[in-house]
Amino acid sequence: RINLFQLGPLYALSNLAARTAIGISLPTYLWLWLNLAAPSGLSVSELLPAIFLSAIIIVTFIGPLLGAHRLLEREKLHLLDEVARRQELTLAGLHGLIDAGQLDDRRAALKTTLDGLVVEQGVIHKLPTWPWRMQTISSVGVTFLLPMLIWVIQRLLQRLGI
């Protein structure tokens, strides 16, 4: 059962996916870096496994989380539909009281109910549907981008003769 208000288990899944992707990426980047630093450089045939492993790293992290994201999106739409249905019923009740001319003391209760439903709708709209914390994305991003950035800086420094 997916609960948008209790994302702890999904965050644990994203942490596991991130650790797995990082675990695969470290030896891959080390191998790539050592081959790039070799005097003979890196041939196309040696680059293909690195590209393949990079694809596996990305799928390892994003694959399971896309399924969780779809489930969270579906649950969010379900909650929003429920709120919309209740808003519709509340407004229908208000219209019925207006038409019957009985708006005296029940109007405040209907207004409070409708206000609460609008607040609930706003809260649901703000709920995240991606099953990870920003720290998880940051750690995965640094793991993937930092080696590439270091390599680019090294190449620029070599070209400048520094």
# chains A, B, ... in the order shown; residues from 1 in each chain; ligands from 1
>>> closest_atom_pairs(of="stretch 26-63 of chain A", to="stretch 134-155 of chain A", cutoff="9 Å", atoms="only C-alpha atoms", output="CSV")
residue,atom,partner,partner_atom,distance
A:Leu26,CA,A:Thr143,CA,7.9
A:Tyr29,CA,A:Pro147,CA,7.1
A:Leu30,CA,A:Pro147,CA,9.0
A:Trp33,CA,A:Trp151,CA,7.9
A:Leu36,CA,A:Trp151,CA,8.9
A:Phe61,CA,A:Val140,CA,8.6
>>> residues_around(residues="A:Leu10", least_positions_apart="2", cutoff="9 Å", atoms="only C-alpha atoms", output="ChimeraX atom specification")
/A:6-8,12-15,65,68,131-132
>>> write_last_selection(atoms="N, CA, C and O atoms", output="PDB file, in the first residue's frame")
ATOM      1  N   GLN A   6       3.670   8.788   4.287  1.00  0.00           N
ATOM      2  CA  GLN A   6       4.703   7.984   4.933  1.00  0.00           C
ATOM      3  C   GLN A   6       5.644   7.443   3.864  1.00  0.00           C
ATOM      4  O   GLN A   6       5.502   6.324   3.387  1.00  0.00           O
ATOM      5  N   LEU A   7       6.623   8.254   3.485  1.00  0.00           N
ATOM      6  CA  LEU A   7       7.530   7.904   2.396  1.00  0.00           C
ATOM      7  C   LEU A   7       8.820   7.235   2.857  1.00  0.00           C
ATOM      8  O   LEU A   7       9.686   6.946   2.043  1.00  0.00           O
ATOM      9  N   GLY A   8       8.940   6.963   4.142  1.00  0.00           N
ATOM     10  CA  GLY A   8      10.165   6.351   4.673  1.00  0.00           C
ATOM     11  C   GLY A   8      10.597   5.090   3.944  1.00  0.00           C
ATOM     12  O   GLY A   8      11.766   4.961   3.565  1.00  0.00           O
ATOM     13  N   ALA A  12      14.015   4.571   1.717  1.00  0.00           N
ATOM     14  CA  ALA A  12      14.978   3.486   1.940  1.00  0.00           C
ATOM     15  C   ALA A  12      15.290   2.778   0.621  1.00  0.00           C
ATOM     16  O   ALA A  12      16.444   2.430   0.356  1.00  0.00           O
ATOM     17  N   LEU A  13      14.266   2.589  -0.212  1.00  0.00           N
ATOM     18  CA  LEU A  13      14.490   1.987  -1.534  1.00  0.00           C
ATOM     19  C   LEU A  13      15.411   2.863  -2.375  1.00  0.00           C
ATOM     20  O   LEU A  13      16.327   2.364  -3.021  1.00  0.00           O
ATOM     21  N   SER A  14      15.195   4.165  -2.352  1.00  0.00           N
ATOM     22  CA  SER A  14      16.042   5.057  -3.148  1.00  0.00           C
ATOM     23  C   SER A  14      17.476   5.069  -2.619  1.00  0.00           C
ATOM     24  O   SER A  14      18.421   5.144  -3.399  1.00  0.00           O
ATOM     25  N   ASN A  15      17.638   4.989  -1.304  1.00  0.00           N
ATOM     26  CA  ASN A  15      18.991   4.930  -0.742  1.00  0.00           C
ATOM     27  C   ASN A  15      19.704   3.651  -1.178  1.00  0.00           C
ATOM     28  O   ASN A  15      20.889   3.670  -1.505  1.00  0.00           O
ATOM     29  N   LEU A  65      12.952   3.186  -9.180  1.00  0.00           N
ATOM     30  CA  LEU A  65      12.321   4.391  -8.655  1.00  0.00           C
ATOM     31  C   LEU A  65      11.254   4.943  -9.592  1.00  0.00           C
ATOM     32  O   LEU A  65      10.322   5.612  -9.152  1.00  0.00           O
ATOM     33  N   ALA A  68       8.103   3.212  -8.582  1.00  0.00           N
ATOM     34  CA  ALA A  68       7.595   3.809  -7.344  1.00  0.00           C
ATOM     35  C   ALA A  68       6.975   5.177  -7.620  1.00  0.00           C
ATOM     36  O   ALA A  68       5.941   5.525  -7.051  1.00  0.00           O
ATOM     37  N   PRO A 131      10.419   9.221  -5.230  1.00  0.00           N
ATOM     38  CA  PRO A 131      10.733   8.499  -3.989  1.00  0.00           C
ATOM     39  C   PRO A 131      12.174   8.670  -3.517  1.00  0.00           C
ATOM     40  O   PRO A 131      12.859   7.687  -3.241  1.00  0.00           O
ATOM     41  N   TRP A 132      12.644   9.899  -3.449  1.00  0.00           N
ATOM     42  CA  TRP A 132      13.991  10.122  -2.945  1.00  0.00           C
ATOM     43  C   TRP A 132      14.076  11.500  -2.314  1.00  0.00           C
ATOM     44  O   TRP A 132      13.319  12.404  -2.607  1.00  0.00           O
TER      45      TRP A 132
END
>>> atom_distance(atom1="atom CA of A:Ile98", atom2="atom CA of A:Leu110")
11.6 Å
>>> atom_distance(atom1="atom CA of A:Ile124", atom2="atom CA of A:Tyr11")
18.5 Å
>>> atom_distance(atom1="atom CA of A:Pro64", atom2="atom CA of A:Pro9")
13.1 Å
>>> residues_around(residues="stretch 47-51 of chain A", least_positions_apart="6", cutoff="10 Å", atoms="only C-alpha atoms", output="list in words")
Ser25, Thr28, Tyr29, Trp31, Leu32, Asn35, Leu36 and Ile57 of chain A
>>> residues_around(residues="A:Leu79", least_positions_apart="3", cutoff="10 Å", atoms="only C-alpha atoms", output="ChimeraX atom specification")
/A:4,73-76,82-85,120-121,124-125
>>> closest_residue(among="A:Ala18, A:Val123, A:Gln102, A:Gln158", to="A:Ile58", atoms="only C-alpha atoms")
A:Ala18
>>> select_by_dssp(residues="chain A", states="helix (DSSP H, G or I)", output="VMD selection string")
chain A and resid 8 to 37 44 to 100 106 to 126 134 to 160
>>> decode(residues="stretch 11-22 of chain A", atoms="all heavy atoms", output="CSV table (one decimal), in the first residue's frame")
chain,number,residue,atom,x,y,z
A,11,TYR,N,12.0,6.0,0.6
A,11,TYR,CA,13.3,6.7,0.7
A,11,TYR,C,14.4,5.6,1.0
A,11,TYR,O,15.5,5.7,0.5
A,11,TYR,CB,13.3,7.7,1.8
A,11,TYR,CG,12.5,9.0,1.5
A,11,TYR,CD1,12.0,9.8,2.5
A,11,TYR,CD2,12.2,9.3,0.2
A,11,TYR,CE1,11.3,10.9,2.2
A,11,TYR,CE2,11.5,10.5,-0.1
A,11,TYR,CZ,11.1,11.3,0.9
A,11,TYR,OH,10.4,12.4,0.6
A,12,ALA,N,14.0,4.6,1.7
A,12,ALA,CA,15.0,3.5,1.9
A,12,ALA,C,15.3,2.8,0.6
A,12,ALA,O,16.4,2.4,0.4
A,12,ALA,CB,14.4,2.5,3.0
A,13,LEU,N,14.3,2.6,-0.2
A,13,LEU,CA,14.5,2.0,-1.5
A,13,LEU,C,15.4,2.9,-2.4
A,13,LEU,O,16.3,2.4,-3.0
A,13,LEU,CB,13.2,1.8,-2.2
A,13,LEU,CG,13.2,1.3,-3.7
A,13,LEU,CD1,13.8,-0.1,-3.8
A,13,LEU,CD2,11.9,1.4,-4.4
A,14,SER,N,15.2,4.2,-2.4
A,14,SER,CA,16.0,5.1,-3.1
A,14,SER,C,17.5,5.1,-2.6
A,14,SER,O,18.4,5.1,-3.4
A,14,SER,CB,15.5,6.5,-3.2
A,14,SER,OG,15.6,7.1,-2.0
A,15,ASN,N,17.6,5.0,-1.3
A,15,ASN,CA,19.0,4.9,-0.7
A,15,ASN,C,19.7,3.7,-1.2
A,15,ASN,O,20.9,3.7,-1.5
A,15,ASN,CB,19.0,5.0,0.8
A,15,ASN,CG,18.6,6.4,1.3
A,15,ASN,OD1,18.8,7.4,0.6
A,15,ASN,ND2,18.1,6.5,2.5
A,16,LEU,N,19.0,2.5,-1.2
A,16,LEU,CA,19.6,1.3,-1.6
A,16,LEU,C,19.9,1.3,-3.1
A,16,LEU,O,21.0,0.9,-3.5
A,16,LEU,CB,18.6,0.1,-1.4
A,16,LEU,CG,19.0,-1.2,-1.9
A,16,LEU,CD1,20.3,-1.7,-1.2
A,16,LEU,CD2,17.9,-2.3,-1.7
A,17,ALA,N,19.0,1.9,-3.9
A,17,ALA,CA,19.3,2.0,-5.4
A,17,ALA,C,20.5,3.0,-5.6
A,17,ALA,O,21.4,2.7,-6.4
A,17,ALA,CB,18.1,2.6,-6.1
A,18,ALA,N,20.6,4.0,-4.8
A,18,ALA,CA,21.8,5.0,-4.9
A,18,ALA,C,23.1,4.3,-4.5
A,18,ALA,O,24.1,4.4,-5.2
A,18,ALA,CB,21.5,6.2,-4.1
A,19,ARG,N,23.0,3.5,-3.4
A,19,ARG,CA,24.3,2.8,-3.0
A,19,ARG,C,24.7,1.8,-4.0
A,19,ARG,O,25.9,1.6,-4.3
A,19,ARG,CB,24.1,2.2,-1.7
A,19,ARG,CG,24.1,3.1,-0.5
A,19,ARG,CD,24.2,2.4,0.8
A,19,ARG,NE,23.5,3.3,1.8
A,19,ARG,CZ,22.4,3.0,2.5
A,19,ARG,NH1,21.9,1.8,2.4
A,19,ARG,NH2,21.9,3.8,3.4
A,20,THR,N,23.7,1.1,-4.6
A,20,THR,CA,24.0,0.1,-5.6
A,20,THR,C,24.7,0.8,-6.9
A,20,THR,O,25.7,0.3,-7.4
A,20,THR,CB,22.8,-0.7,-6.0
A,20,THR,OG1,22.2,-1.3,-4.9
A,20,THR,CG2,23.1,-1.8,-7.0
A,21,ALA,N,24.0,1.9,-7.3
A,21,ALA,CA,24.6,2.6,-8.5
A,21,ALA,C,26.0,3.1,-8.2
A,21,ALA,O,26.9,3.0,-9.1
A,21,ALA,CB,23.6,3.7,-8.9
A,22,ILE,N,26.2,3.7,-7.0
A,22,ILE,CA,27.5,4.2,-6.7
A,22,ILE,C,28.5,3.1,-6.6
A,22,ILE,O,29.6,3.2,-7.1
A,22,ILE,CB,27.4,5.0,-5.3
A,22,ILE,CG1,26.7,6.3,-5.5
A,22,ILE,CG2,28.8,5.3,-4.8
A,22,ILE,CD1,26.3,7.0,-4.3
